[in-house]
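Student: For reference, the structure I am asking about is given below.
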Amino acid sequence: MSAPVTIVAHPPETVEGWYVLHQIFRLDRAMLREYADGSMADLRAGALDALREVAGPVDAGWSAVVPLIGSSADVMIVHFRPTLDAIGAAQRRLAAEPLFDFLDVVYSFLSVTEAGLYHITAELAREAVARGGAVGDAQYRQRMDERSGEERESPHVRRRLYPELPPDMPYVCFYPMSKRRAVGQNWYALSLDERSRLMHAHGLTGRRYAGRVMQVISGAIGFDAWEWGVTLFAKEPLEFKRIVTEMRFDEVSAQYGEFGDFYVGRATSAAEWLESLI
Amino acid sequence: MSAPVTIVAHPPETVEGWYVLHQIFRLDRAMLREYADGSMADLRAGALDALREVAGPVDAGWSAVVPLIGSSADVMIVHFRPTLDAIGAAQRRLAAEPLFDFLDVVYSFLSVTEAGLYHITAELAREAVARGGAVGDAQYRQRMDERSGEERESPHVRRRLYPELPPDMPYVCFYPMSKRRAVGQNWYALSLDERSRLMHAHGLTGRRYAGRVMQVISGAIGFDAWEWGVTLFAKEPLEFKRIVTEMRFDEVSAQYGEFGDFYVGRATSAAEWLESLI
Amino acid sequence: MSAPVTIVAHPPETVEGWYVLHQIFRLDRAMLREYADGSMADLRAGALDALREVAGPVDAGWSAVVPLIGSSADVMIVHFRPTLDAIGAAQRRLAAEPLFDFLDVVYSFLSVTEAGLYHITAELAREAVARGGAVGDAQYRQRMDERSGEERESPHVRRRLYPELPPDMPYVCFYPMSKRRAVGQNWYALSLDERSRLMHAHGLTGRRYAGRVMQVISGAIGFDAWEWGVTLFAKEPLEFKRIVTEMRFDEVSAQYGEFGDFYVGRATSAAEWLESLI
Amino acid sequence: MSAPVTIVAHPPETVEGWYVLHQIFRLDRAMLREYADGSMADLRAGALDALREVAGPVDAGWSAVVPLIGSSADVMIVHFRPTLDAIGAAQRRLAAEPLFDFLDVVYSFLSVTEAGLYHITAELAREAVARGGAVGDAQYRQRMDERSGEERESPHVRRRLYPELPPDMPYVCFYPMSKRRAVGQNWYALSLDERSRLMHAHGLTGRRYAGRVMQVISGAIGFDAWEWGVTLFAKEPLEFKRIVTEMRFDEVSAQYGEFGDFYVGRATSAAEWLESLI
Amino acid sequence: MSAPVTIVAHPPETVEGWYVLHQIFRLDRAMLREYADGSMADLRAGALDALREVAGPVDAGWSAVVPLIGSSADVMIVHFRPTLDAIGAAQRRLAAEPLFDFLDVVYSFLSVTEAGLYHITAELAREAVARGGAVGDAQYRQRMDERSGEERESPHVRRRLYPELPPDMPYVCFYPMSKRRAVGQNWYALSLDERSRLMHAHGLTGRRYAGRVMQVISGAIGFDAWEWGVTLFAKEPLEFKRIVTEMRFDEVSAQYGEFGDFYVGRATSAAEWLESLI
């Protein structure tokens, strides 16, 4: 669709999967307790229906309840959906429940699961230059469509774009991040080869945690001030400390990573969470 | 009107169109639900009248309702008007409605649609120097008035200054931005030629999205701490991620762009929005 | 009074006029509407008396009501007074009115009108050095007292220190600013000659807007975290965009200016504003 | 578990002990006073039961009540626990008490006590290189497991990982901190040897305060935006000023330390604190 | 007590006097007015007793009421006390008064009056080096104890450590500050000699205001994120602008000063303040 252009620092091709919404709520326990006399059972029943409904939508995706630990907020609800409209529908379904009148959204983060094809982009860019063409020309686009199509259908990319809640990894850690654009240290001014090299090394760190930590990377450029969301699932919460520490020493994070707030919790069933409210 | 002066790093000539106000509201659903018994129909009817009134003002401009998705705020209402006073009138018309007592303005952004005549300014500045004159002298001013007058009346500039809500692009993305004035990386210290070159390349990126994304650029210098507002309309929300990502690699954004919060939603009719509130 | 000292980067002599207080209020319309039944007329009458009283104080100065446009706040009230105590009295007079219980002060800025005598300070500093003396010695002090006394009484300085509300310039724009003290770009480490040169060029930009924009500069060092307040009055609100844009390209702003939030509105009578509240 | 890899700037091995949660509360005294008539005794009795329960959990760890002095918040409650789940349980136990409806969590900080084995890591890394191996290979891992196991069981490390509330040091000071990752001054880009040297010197400063100040260092990477928490206990509160000042001149803090807010108070019994509320 | 060590950039010796707490309150006038019917006299009488009690504590120190001018907060209460516990007692005494339920603490700052012995520290450090010893060795410590003991008892240091409210200087200005630790401009990396030189020059500026402005410097390292508090008292409020401006051009402030918010007011009697509330 795009006309061929020669770009020096061009973005990597990406493939996208589900939209993701992280909603962080704070419970007004005092108000709920005051209001609870008699009607708490109704509030719970209504919220349980809604949470079960959003947990398994008819089309695709899922939602999970993650009560937070060690935070001034109370619970994170994460929604994965195939379309932005379905995200909006999940959000409205919960907001319609009177129980959610006692739950203030103190933070929310909209993004879409993403796999960055750094390596393929760098490879095809080199090919294009070698044949005297340019990044983005017809031949490049055709090759990229083939390659990205293959990637999109590969099992390991599908797992990243359409992740399932791992049943044996109840601990969840979420944080937003961006790449630095400081004077003298600017991710967006690096060559794609350099970015490809740095992301490859970073990926190796993640792989050493396979089976212990599952990472979901979602892109937020165009949706949020932060550029990516990282959602980690683990069997053991100390793994969050280990993997994030190790990654912070990766050259890409050490030099170019900027991090937001961290939210840590343990996923549970809607029913169990609702019982624990007051 | 201005006396001729020699300026090294002078601003580009700009032409302005409509004032724009982006109002971001958060709904106090708990209060509304409590208050709603019996009077909700009246509240809705009043708000519908007001929203229809501001949607199509007698003089010119329009207002649109954009329920937000994935945000902790609930709705963005955007007003385009020929004068600042008409912006004030639209704002007061909504505030006068009792339903808006339940909608807190959590962010607002005042600006005016703008087309930056970087290329023409650079050209006439070179002309002025070539003839031994100066930027801003009588001859420069006369030439600029002619050229900017032509631009202002050209269809492609009119579309940017007096944009219409594209009926087939219901998805909306708004964010404020500024140009960096850091030590060693300062937009306001670049020559106009350099700024012209960078903005031209940036414009090409935008054009590759023609038919898929409509951009409205509005200037806020003198009205807000952020210097510009960017309002994008798209058929498909993933385009926001694509265009903003691609632009972030443009030299001008990579080196000089600073971005604020992002607000994403889907425009709808006032009636539909009002029905969805509780 | 001060003993003579040799200072390298010394401040410019300044002359001061009236204290200024900018108060930005947000109206709690929901509360006011609820409370209004029956007593709104009394609230308005009381507030009108108070606003008329502060508008024309017995000693000197004035206060003006500026309903804001395009802001999440509702109104700015600006007070000019000969003493800090008179500022406090105006503030207390309004706070005593029950209507002001519905108006939260969301921002306030205390400063004093100021004219910076950069040129004279630089000149007398050169004189002192030439005669083998020092900045601040008895002779310098005597000369400075003469020169600053003359300046203080000159009509153009009096207009800056004791400004009147221009009847044909109802649009108002207020923002605070500071001079940068970054590593490698530090206003407070420049020589007075350099600062004098930069401020002179900046002044020329302002003068080109004479008759279209009136500027009031007030100093806030020792009173606020921001160092200056800028209050602009204009016939036409687009002039705010023009003058602030042009000044942002002045070397002094491009390199050393840091800006806060902007508040834009249109001055009106107390009565008219009070009628528009709900 | 990890495959052998050669890493240039790798993290130090750490050993972890108890999870720690610092909860900072602000009391809504007005609401409590209004509510107190008649039921204050019940509120206190319930809260006392809960605080005693969390103070001495069945498994391990402890919780302490530290009324704050000189803060706009009112009290800090610190929980040490062997697991993240036990932290969550303590948090829920307090939240379930109606008295805590009047106590808003204004800040909270989740971390885990940690001892950084900088010296051992540097030593084993040198060994690995000397024998032609690499950091993280099987031999390195085996040696590290031995050495870190010994460390973990040594009395001085156990005191840091499983600290007891020192009975003669009632004054408490808590603050979060991070290591700088600025352009040109980046902790995460230093060699481990350099980091080891800097931390060693820093440790010496702390040791000079032995018997006067007890330090608890807890790691928060992966749990919070700040990377570490520092909790100091002292006999005399002026020691906080002395030790923090002295450490701020240590090269590691001077060049790489970033500090958050400070919370200072005096630990007391739950009963005494509850008596002092209103 | 400390073992001798050689430190390159060591802190200056300091002597400390009274603890200081600055409490900034905002009055909820609407609530107070609503509540006032009938019970306002009781509220005032209770608060007057409490304020008189804290104004003249039995041991030592004092507290003062400073209604703020030109701020969005309403009043600052400053407490000087010999111990941290006495600060806590003053704070609790006020909080126990029902009137203070209508006064929210919007900012508070804990510190301790301090005199930095830069000159003596530099001198003794040079002595130590000259005799082949080290900063902090037994001989250095002994000499320092003598010298700092003398300083502590000298009238001019006692005036700084145990300041009295100057009866003819009712205007008060308070602001917190820190020394910069930026890359390339780091106070904590300067030699003590250099810091001593810069602070000496800064002190001279302050002395030129003797009799017009009284400065109280209090240290907050270990107690607050800001490192120092500056409390100025003046006969005439314009002196705040003059002294802070002049100091901002001192090399130490120009290069290393970072400043927080400013609070300006006029001290008054508790009774007078209480009368002015509504």
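Residues are named by chain letter and number: chains run A, B, ... in the order of the structure tokens, numbers start at 1 in each chain, and ligands are numbered from 1 in the order shown.
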Which residues come within 12 Å of Ala125 of chain E, counting only C-alpha atoms, excluding same-chain residues fewer than 6 positions away, as a list in words?
Tutor: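 Answer for this query is Val5, Thr6, Ile7, Val8, Ala9, His10, Pro11, Pro12, Glu13, Leu117, Tyr118, His119, Arg131, Gly132, Gly133, Ala134, Val135, Gly136, Asp137, Gln139, Tyr140, Arg141, Arg143, Met144, Ser191, Leu192, Asp193 and Ser196 of chain E.
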Student: At a cut-off of 6 Å, can you tabulate as JSON lines every residue of chain E near chain D together with its closest atom pair and the distance in Å to one decimal, using only C-alpha atoms and ordering rows by chain then number?
Tutor:
{"residue": "E:Ser2", "atom": "CA", "partner": "D:Arg208", "partner_atom": "CA", "distance": 5.5}
{"residue": "E:His10", "atom": "CA", "partner": "D:Phe249", "partner_atom": "CA", "distance": 5.9}
{"residue": "E:Gly88", "atom": "CA", "partner": "D:Ile69", "partner_atom": "CA", "distance": 5.2}
{"residue": "E:Ala96", "atom": "CA", "partner": "D:Ile278", "partner_atom": "CA", "distance": 5.9}
{"residue": "E:Asp101", "atom": "CA", "partner": "D:Ala30", "partner_atom": "CA", "distance": 4.9}
{"residue": "E:Val105", "atom": "CA", "partner": "D:Ser72", "partner_atom": "CA", "distance": 5.7}
{"residue": "E:Ser108", "atom": "CA", "partner": "D:Ser71", "partner_atom": "CA", "distance": 5.7}
{"residue": "E:Leu110", "atom": "CA", "partner": "D:Gly70", "partner_atom": "CA", "distance": 5.2}
{"residue": "E:Tyr188", "atom": "CA", "partner": "D:Ala254", "partner_atom": "CA", "distance": 5.4}
{"residue": "E:Ile221", "atom": "CA", "partner": "D:Lys241", "partner_atom": "CA", "distance": 5.3}
{"residue": "E:Gly222", "atom": "CA", "partner": "D:Lys241", "partner_atom": "CA", "distance": 4.5}
{"residue": "E:Phe223", "atom": "CA", "partner": "D:Phe262", "partner_atom": "CA", "distance": 5.7}
{"residue": "E:Asp224", "atom": "CA", "partner": "D:Phe262", "partner_atom": "CA", "distance": 4.9}
{"residue": "E:Ala225", "atom": "CA", "partner": "D:Asp261", "partner_atom": "CA", "distance": 4.9}
Student: Deliver the residues from the most recent selection as a file, using N, CA, C and O atoms, as a PDB file, in the first residue's frame.
Tutor:
ATOM      1  N   SER E   2      34.053   6.466  65.594  1.00  0.00           N
ATOM      2  CA  SER E   2      34.336   5.867  64.287  1.00  0.00           C
ATOM      3  C   SER E   2      35.819   5.563  64.144  1.00  0.00           C
ATOM      4  O   SER E   2      36.654   6.324  64.615  1.00  0.00           O
ATOM      5  N   HIS E  10      34.449  14.077  51.830  1.00  0.00           N
ATOM      6  CA  HIS E  10      33.716  13.803  53.065  1.00  0.00           C
ATOM      7  C   HIS E  10      32.800  14.973  53.411  1.00  0.00           C
ATOM      8  O   HIS E  10      32.997  16.097  52.974  1.00  0.00           O
ATOM      9  N   GLY E  88       6.722  15.346  67.829  1.00  0.00           N
ATOM     10  CA  GLY E  88       5.570  14.447  67.731  1.00  0.00           C
ATOM     11  C   GLY E  88       4.464  14.850  68.693  1.00  0.00           C
ATOM     12  O   GLY E  88       3.278  14.810  68.348  1.00  0.00           O
ATOM     13  N   ALA E  96      -5.366  16.546  67.980  1.00  0.00           N
ATOM     14  CA  ALA E  96      -6.418  16.129  68.915  1.00  0.00           C
ATOM     15  C   ALA E  96      -7.565  17.142  68.975  1.00  0.00           C
ATOM     16  O   ALA E  96      -8.652  16.815  69.451  1.00  0.00           O
ATOM     17  N   ASP E 101      -9.691  19.001  62.484  1.00  0.00           N
ATOM     18  CA  ASP E 101     -10.342  18.092  61.525  1.00  0.00           C
ATOM     19  C   ASP E 101     -10.700  18.832  60.238  1.00  0.00           C
ATOM     20  O   ASP E 101     -10.888  18.202  59.190  1.00  0.00           O
ATOM     21  N   VAL E 105      -3.471  18.656  56.369  1.00  0.00           N
ATOM     22  CA  VAL E 105      -2.030  18.891  56.184  1.00  0.00           C
ATOM     23  C   VAL E 105      -1.708  18.613  54.718  1.00  0.00           C
ATOM     24  O   VAL E 105      -1.740  17.463  54.285  1.00  0.00           O
ATOM     25  N   SER E 108       4.270  18.896  54.706  1.00  0.00           N
ATOM     26  CA  SER E 108       4.947  19.012  55.993  1.00  0.00           C
ATOM     27  C   SER E 108       6.420  18.728  55.761  1.00  0.00           C
ATOM     28  O   SER E 108       6.785  17.996  54.834  1.00  0.00           O
ATOM     29  N   LEU E 110      10.097  18.044  57.900  1.00  0.00           N
ATOM     30  CA  LEU E 110      10.796  17.781  59.163  1.00  0.00           C
ATOM     31  C   LEU E 110      12.279  18.000  58.963  1.00  0.00           C
ATOM     32  O   LEU E 110      12.878  17.462  58.021  1.00  0.00           O
ATOM     33  N   TYR E 188      28.082  16.582  45.676  1.00  0.00           N
ATOM     34  CA  TYR E 188      28.617  15.549  46.560  1.00  0.00           C
ATOM     35  C   TYR E 188      29.918  14.957  46.032  1.00  0.00           C
ATOM     36  O   TYR E 188      30.518  14.108  46.675  1.00  0.00           O
ATOM     37  N   ILE E 221      18.508  15.939  55.613  1.00  0.00           N
ATOM     38  CA  ILE E 221      19.009  14.670  55.067  1.00  0.00           C
ATOM     39  C   ILE E 221      18.709  13.569  56.093  1.00  0.00           C
ATOM     40  O   ILE E 221      18.999  13.716  57.275  1.00  0.00           O
ATOM     41  N   GLY E 222      18.104  12.499  55.634  1.00  0.00           N
ATOM     42  CA  GLY E 222      17.687  11.424  56.544  1.00  0.00           C
ATOM     43  C   GLY E 222      16.267  11.588  57.056  1.00  0.00           C
ATOM     44  O   GLY E 222      15.714  10.678  57.662  1.00  0.00           O
ATOM     45  N   PHE E 223      15.684  12.790  56.827  1.00  0.00           N
ATOM     46  CA  PHE E 223      14.316  13.049  57.300  1.00  0.00           C
ATOM     47  C   PHE E 223      13.346  13.330  56.155  1.00  0.00           C
ATOM     48  O   PHE E 223      12.140  13.196  56.294  1.00  0.00           O
ATOM     49  N   ASP E 224      13.857  13.811  55.016  1.00  0.00           N
ATOM     50  CA  ASP E 224      12.992  14.249  53.924  1.00  0.00           C
ATOM     51  C   ASP E 224      13.720  14.075  52.590  1.00  0.00           C
ATOM     52  O   ASP E 224      14.949  13.990  52.553  1.00  0.00           O
ATOM     53  N   ALA E 225      12.960  14.039  51.500  1.00  0.00           N
ATOM     54  CA  ALA E 225      13.569  13.958  50.176  1.00  0.00           C
ATOM     55  C   ALA E 225      14.372  15.226  49.878  1.00  0.00           C
ATOM     56  O   ALA E 225      15.421  15.166  49.237  1.00  0.00           O
TER      57      ALA E 225
END
Student: I'd like to know which residues of segment 46-277 of chain B are strand (DSSP E) (by DSSP, run on the backbone); could you write them as an MDAnalysis selection string?
Tutor: chainID B and resid 62:67 75:81 103:117 171:179 181:182 185:186 213:219 228:234 257:259 263:266
Student: How many Å lie between atom CA of Glu272 of chain D and atom CA of Asp49 of chain D, rounded to one decimal?
Tutor: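 If I compute the distance from atom CA of Glu272 of chain D to atom CA of Asp49 of chain D, I get 13.3 Å.
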Student: Which residues, written as a list in words, have at least one atom at most 6 Å from Leu198 of chain C, with only C-alpha atoms counted and residues fewer than 3 positions away on the same chain left out?
Tutor: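 After dropping sequence-adjacent residues, the list is Arg195, Ala201 and Val252 of chain C.
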Student: Excluding same-chain residues fewer than 3 positions from segment 149-156 of chain E, what lies within 10 Å of it counting only C-alpha atoms, as a list in words?
Tutor: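 The neighbour list is Thr14, Val15, Glu16, Gly17, Ala115, Leu117, Ile120, Arg143, Met144, Asp145, Glu146, Arg159, Arg160 and Leu161 of chain E.
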Student: Enumerate the residues of segment 123-170 of chain B with a DSSP assignment of alpha helix (DSSP H), computed from the backbone, and present them as a PyMOL selection string.
Tutor: chain B and resi 123-130+138-153+155-161
Student: The selected residues should be written to file as a CSV table (one decimal), in the first residue's frame (atoms: N, CA, C and O atoms).
Tutor:
chain,number,residue,atom,x,y,z
B,123,GLU,N,11.5,29.4,1.7
B,123,GLU,CA,11.7,29.9,0.3
B,123,GLU,C,11.8,31.4,0.3
B,123,GLU,O,12.7,32.0,-0.2
B,124,LEU,N,10.8,32.0,1.0
B,124,LEU,CA,10.8,33.5,1.0
B,124,LEU,C,11.9,34.1,1.8
B,124,LEU,O,12.4,35.2,1.5
B,125,ALA,N,12.4,33.4,2.8
B,125,ALA,CA,13.5,33.9,3.6
B,125,ALA,C,14.8,33.9,2.7
B,125,ALA,O,15.6,34.8,2.7
B,126,ARG,N,14.9,32.8,1.9
B,126,ARG,CA,16.0,32.8,1.0
B,126,ARG,C,15.9,33.9,-0.1
B,126,ARG,O,16.9,34.6,-0.4
B,127,GLU,N,14.7,34.1,-0.6
B,127,GLU,CA,14.5,35.2,-1.5
B,127,GLU,C,14.9,36.5,-0.9
B,127,GLU,O,15.6,37.3,-1.6
B,128,ALA,N,14.5,36.7,0.3
B,128,ALA,CA,14.8,38.0,1.0
B,128,ALA,C,16.3,38.2,1.1
B,128,ALA,O,16.8,39.3,0.8
B,129,VAL,N,17.0,37.2,1.5
B,129,VAL,CA,18.4,37.3,1.7
B,129,VAL,C,19.1,37.6,0.3
B,129,VAL,O,19.9,38.4,0.2
B,130,ALA,N,18.6,36.8,-0.7
B,130,ALA,CA,19.1,37.0,-2.1
B,130,ALA,C,19.0,38.4,-2.6
B,130,ALA,O,19.9,38.9,-3.3
B,138,ALA,N,9.1,44.8,4.2
B,138,ALA,CA,7.8,45.0,3.6
B,138,ALA,C,7.6,44.1,2.4
B,138,ALA,O,6.5,43.5,2.2
B,139,GLN,N,8.7,43.9,1.6
B,139,GLN,CA,8.5,43.0,0.4
B,139,GLN,C,8.3,41.5,0.8
B,139,GLN,O,7.4,40.9,0.2
B,140,TYR,N,9.0,41.1,1.9
B,140,TYR,CA,8.8,39.8,2.4
B,140,TYR,C,7.4,39.6,2.9
B,140,TYR,O,6.7,38.6,2.6
B,141,ARG,N,6.9,40.6,3.6
B,141,ARG,CA,5.5,40.5,4.2
B,141,ARG,C,4.5,40.5,3.1
B,141,ARG,O,3.5,39.7,3.2
B,142,GLN,N,4.7,41.3,2.0
B,142,GLN,CA,3.7,41.3,0.9
B,142,GLN,C,3.7,39.9,0.2
B,142,GLN,O,2.6,39.4,0.0
B,143,ARG,N,4.9,39.4,-0.1
B,143,ARG,CA,5.0,38.1,-0.7
B,143,ARG,C,4.3,37.0,0.2
B,143,ARG,O,3.6,36.2,-0.3
B,144,MET,N,4.6,37.1,1.4
B,144,MET,CA,4.1,36.1,2.4
B,144,MET,C,2.6,36.2,2.5
B,144,MET,O,1.9,35.1,2.5
B,145,ASP,N,2.0,37.4,2.4
B,145,ASP,CA,0.6,37.5,2.5
B,145,ASP,C,-0.1,36.9,1.3
B,145,ASP,O,-1.1,36.2,1.4
B,146,GLU,N,0.5,37.1,0.1
B,146,GLU,CA,0.0,36.5,-1.1
B,146,GLU,C,0.1,35.0,-1.0
B,146,GLU,O,-1.0,34.3,-1.2
B,147,ARG,N,1.3,34.5,-0.7
B,147,ARG,CA,1.4,33.0,-0.7
B,147,ARG,C,0.6,32.4,0.4
B,147,ARG,O,0.0,31.3,0.2
B,148,SER,N,0.6,33.0,1.6
B,148,SER,CA,-0.2,32.3,2.7
B,148,SER,C,-1.7,32.4,2.4
B,148,SER,O,-2.5,31.5,2.7
B,149,GLY,N,-2.1,33.5,1.7
B,149,GLY,CA,-3.5,33.7,1.3
B,149,GLY,C,-3.9,32.6,0.3
B,149,GLY,O,-5.0,31.9,0.5
B,150,GLU,N,-3.0,32.3,-0.6
B,150,GLU,CA,-3.3,31.2,-1.6
B,150,GLU,C,-3.4,29.9,-0.9
B,150,GLU,O,-4.3,29.1,-1.1
B,151,GLU,N,-2.4,29.6,0.0
B,151,GLU,CA,-2.4,28.4,0.8
B,151,GLU,C,-3.7,28.2,1.5
B,151,GLU,O,-4.3,27.1,1.5
B,152,ARG,N,-4.1,29.3,2.3
B,152,ARG,CA,-5.3,29.2,3.1
B,152,ARG,C,-6.5,28.8,2.3
B,152,ARG,O,-7.4,28.2,2.9
B,153,GLU,N,-6.6,29.2,1.1
B,153,GLU,CA,-7.7,28.9,0.3
B,153,GLU,C,-7.6,27.6,-0.5
B,153,GLU,O,-8.6,27.2,-1.1
B,155,PRO,N,-7.7,23.8,-1.4
B,155,PRO,CA,-8.5,22.7,-0.8
B,155,PRO,C,-7.8,21.9,0.2
B,155,PRO,O,-8.3,21.5,1.3
B,156,HIS,N,-6.5,21.5,0.0
B,156,HIS,CA,-5.8,20.6,0.9
B,156,HIS,C,-5.5,21.3,2.2
B,156,HIS,O,-5.5,20.7,3.3
B,157,VAL,N,-5.3,22.6,2.2
B,157,VAL,CA,-5.1,23.3,3.5
B,157,VAL,C,-6.4,23.5,4.2
B,157,VAL,O,-6.6,23.4,5.4
B,158,ARG,N,-7.5,23.9,3.4
B,158,ARG,CA,-8.8,24.0,4.0
B,158,ARG,C,-9.2,22.8,4.7
B,158,ARG,O,-9.9,22.8,5.8
B,159,ARG,N,-8.9,21.6,4.2
B,159,ARG,CA,-9.3,20.3,4.8
B,159,ARG,C,-8.6,20.2,6.2
B,159,ARG,O,-9.1,19.5,7.1
B,160,ARG,N,-7.4,20.8,6.3
B,160,ARG,CA,-6.7,20.7,7.5
B,160,ARG,C,-7.1,21.7,8.6
B,160,ARG,O,-7.1,21.5,9.8
B,161,LEU,N,-7.6,22.9,8.0
B,161,LEU,CA,-8.0,24.0,9.0
B,161,LEU,C,-9.4,23.8,9.4
B,161,LEU,O,-9.8,24.3,10.5
Student: Can you tell me which residues surround Val230 of chain A at a distance of at most 7 Å, considering only C-alpha atoms, apart from same-chain residues fewer than 5 positions away, and format the answer as a ChimeraX atom specification?
Tutor: /A:174-176,215-218
Student: Could you write those residues out with C-alpha atoms, as a PDB file, in the first residue's frame?
Tutor:
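That gives us result-v2.pdb:
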ATOM      1  CA  PHE A 174       2.738  -6.064  35.203  1.00  0.00           C
ATOM      2  CA  TYR A 175       4.675  -2.938  34.305  1.00  0.00           C
ATOM      3  CA  PRO A 176       4.761  -0.481  31.403  1.00  0.00           C
ATOM      4  CA  GLN A 215       6.269 -13.165  29.328  1.00  0.00           C
ATOM      5  CA  VAL A 216       3.551 -11.349  27.403  1.00  0.00           C
ATOM      6  CA  ILE A 217       4.789  -8.293  25.538  1.00  0.00           C
ATOM      7  CA  SER A 218       2.168  -5.869  24.268  1.00  0.00           C
TER       8      SER A 218
END
Student: What's the 8 Å shell around Phe80 of chain D, counting only C-alpha atoms, without same-chain residues fewer than 4 positions away, as an MDAnalysis selection string?
Tutor: chainID D and resid 18:21 61:63 87
Student: Could you please take those selected residues and save N, CA, C and O atoms as a CSV table (one decimal), in the first residue's frame?
Tutor:
chain,number,residue,atom,x,y,z
D,18,TRP,N,13.2,-12.6,54.0
D,18,TRP,CA,11.7,-12.3,54.1
D,18,TRP,C,11.2,-11.3,53.1
D,18,TRP,O,12.0,-10.3,52.8
D,19,TYR,N,10.0,-11.4,52.7
D,19,TYR,CA,9.3,-10.4,52.0
D,19,TYR,C,9.0,-9.3,53.0
D,19,TYR,O,8.8,-9.6,54.2
D,20,VAL,N,9.0,-8.0,52.5
D,20,VAL,CA,8.7,-6.9,53.4
D,20,VAL,C,7.6,-6.0,52.8
D,20,VAL,O,7.8,-5.7,51.6
D,21,LEU,N,6.7,-5.6,53.5
D,21,LEU,CA,5.7,-4.6,53.0
D,21,LEU,C,5.7,-3.4,54.0
D,21,LEU,O,5.5,-3.6,55.2
D,61,GLY,N,8.3,-14.3,60.9
D,61,GLY,CA,8.2,-12.9,60.5
D,61,GLY,C,7.5,-12.1,61.6
D,61,GLY,O,7.3,-12.7,62.7
D,62,TRP,N,7.3,-10.9,61.4
D,62,TRP,CA,6.7,-10.0,62.4
D,62,TRP,C,6.2,-8.7,61.7
D,62,TRP,O,6.5,-8.5,60.5
D,63,SER,N,5.3,-8.0,62.4
D,63,SER,CA,4.8,-6.7,61.9
D,63,SER,C,5.0,-5.7,63.0
D,63,SER,O,4.9,-6.1,64.2
D,87,ILE,N,2.4,-12.1,53.1
D,87,ILE,CA,2.3,-10.6,53.0
D,87,ILE,C,0.8,-10.2,52.7
D,87,ILE,O,0.2,-9.4,53.3
Student: Quick one: residues within 6 Å of Met76 of chain D, only C-alpha atoms, excluding same-chain residues fewer than 6 positions away - as an mmCIF file with N, CA, C and O atoms, in the first residue's frame?
Tutor:
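The result, stored in out-v9.cif:
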data_model
loop_
_atom_site.group_PDB
_atom_site.id
_atom_site.type_symbol
_atom_site.label_atom_id
_atom_site.label_comp_id
_atom_site.auth_asym_id
_atom_site.auth_seq_id
_atom_site.Cartn_x
_atom_site.Cartn_y
_atom_site.Cartn_z
ATOM 1 N N GLN D 23 3.608 -0.193 54.685
ATOM 2 C CA GLN D 23 2.327 0.460 54.375
ATOM 3 C C GLN D 23 2.271 1.793 55.115
ATOM 4 O O GLN D 23 2.426 1.825 56.343
ATOM 5 N N ILE D 24 2.043 2.865 54.369
ATOM 6 C CA ILE D 24 1.938 4.201 54.984
ATOM 7 C C ILE D 24 0.472 4.595 54.954
ATOM 8 O O ILE D 24 -0.133 4.647 53.878
ATOM 9 N N VAL D 66 4.574 1.861 63.489
ATOM 10 C CA VAL D 66 5.481 3.000 63.638
ATOM 11 C C VAL D 66 4.716 4.302 63.382
ATOM 12 O O VAL D 66 4.599 4.762 62.242
#
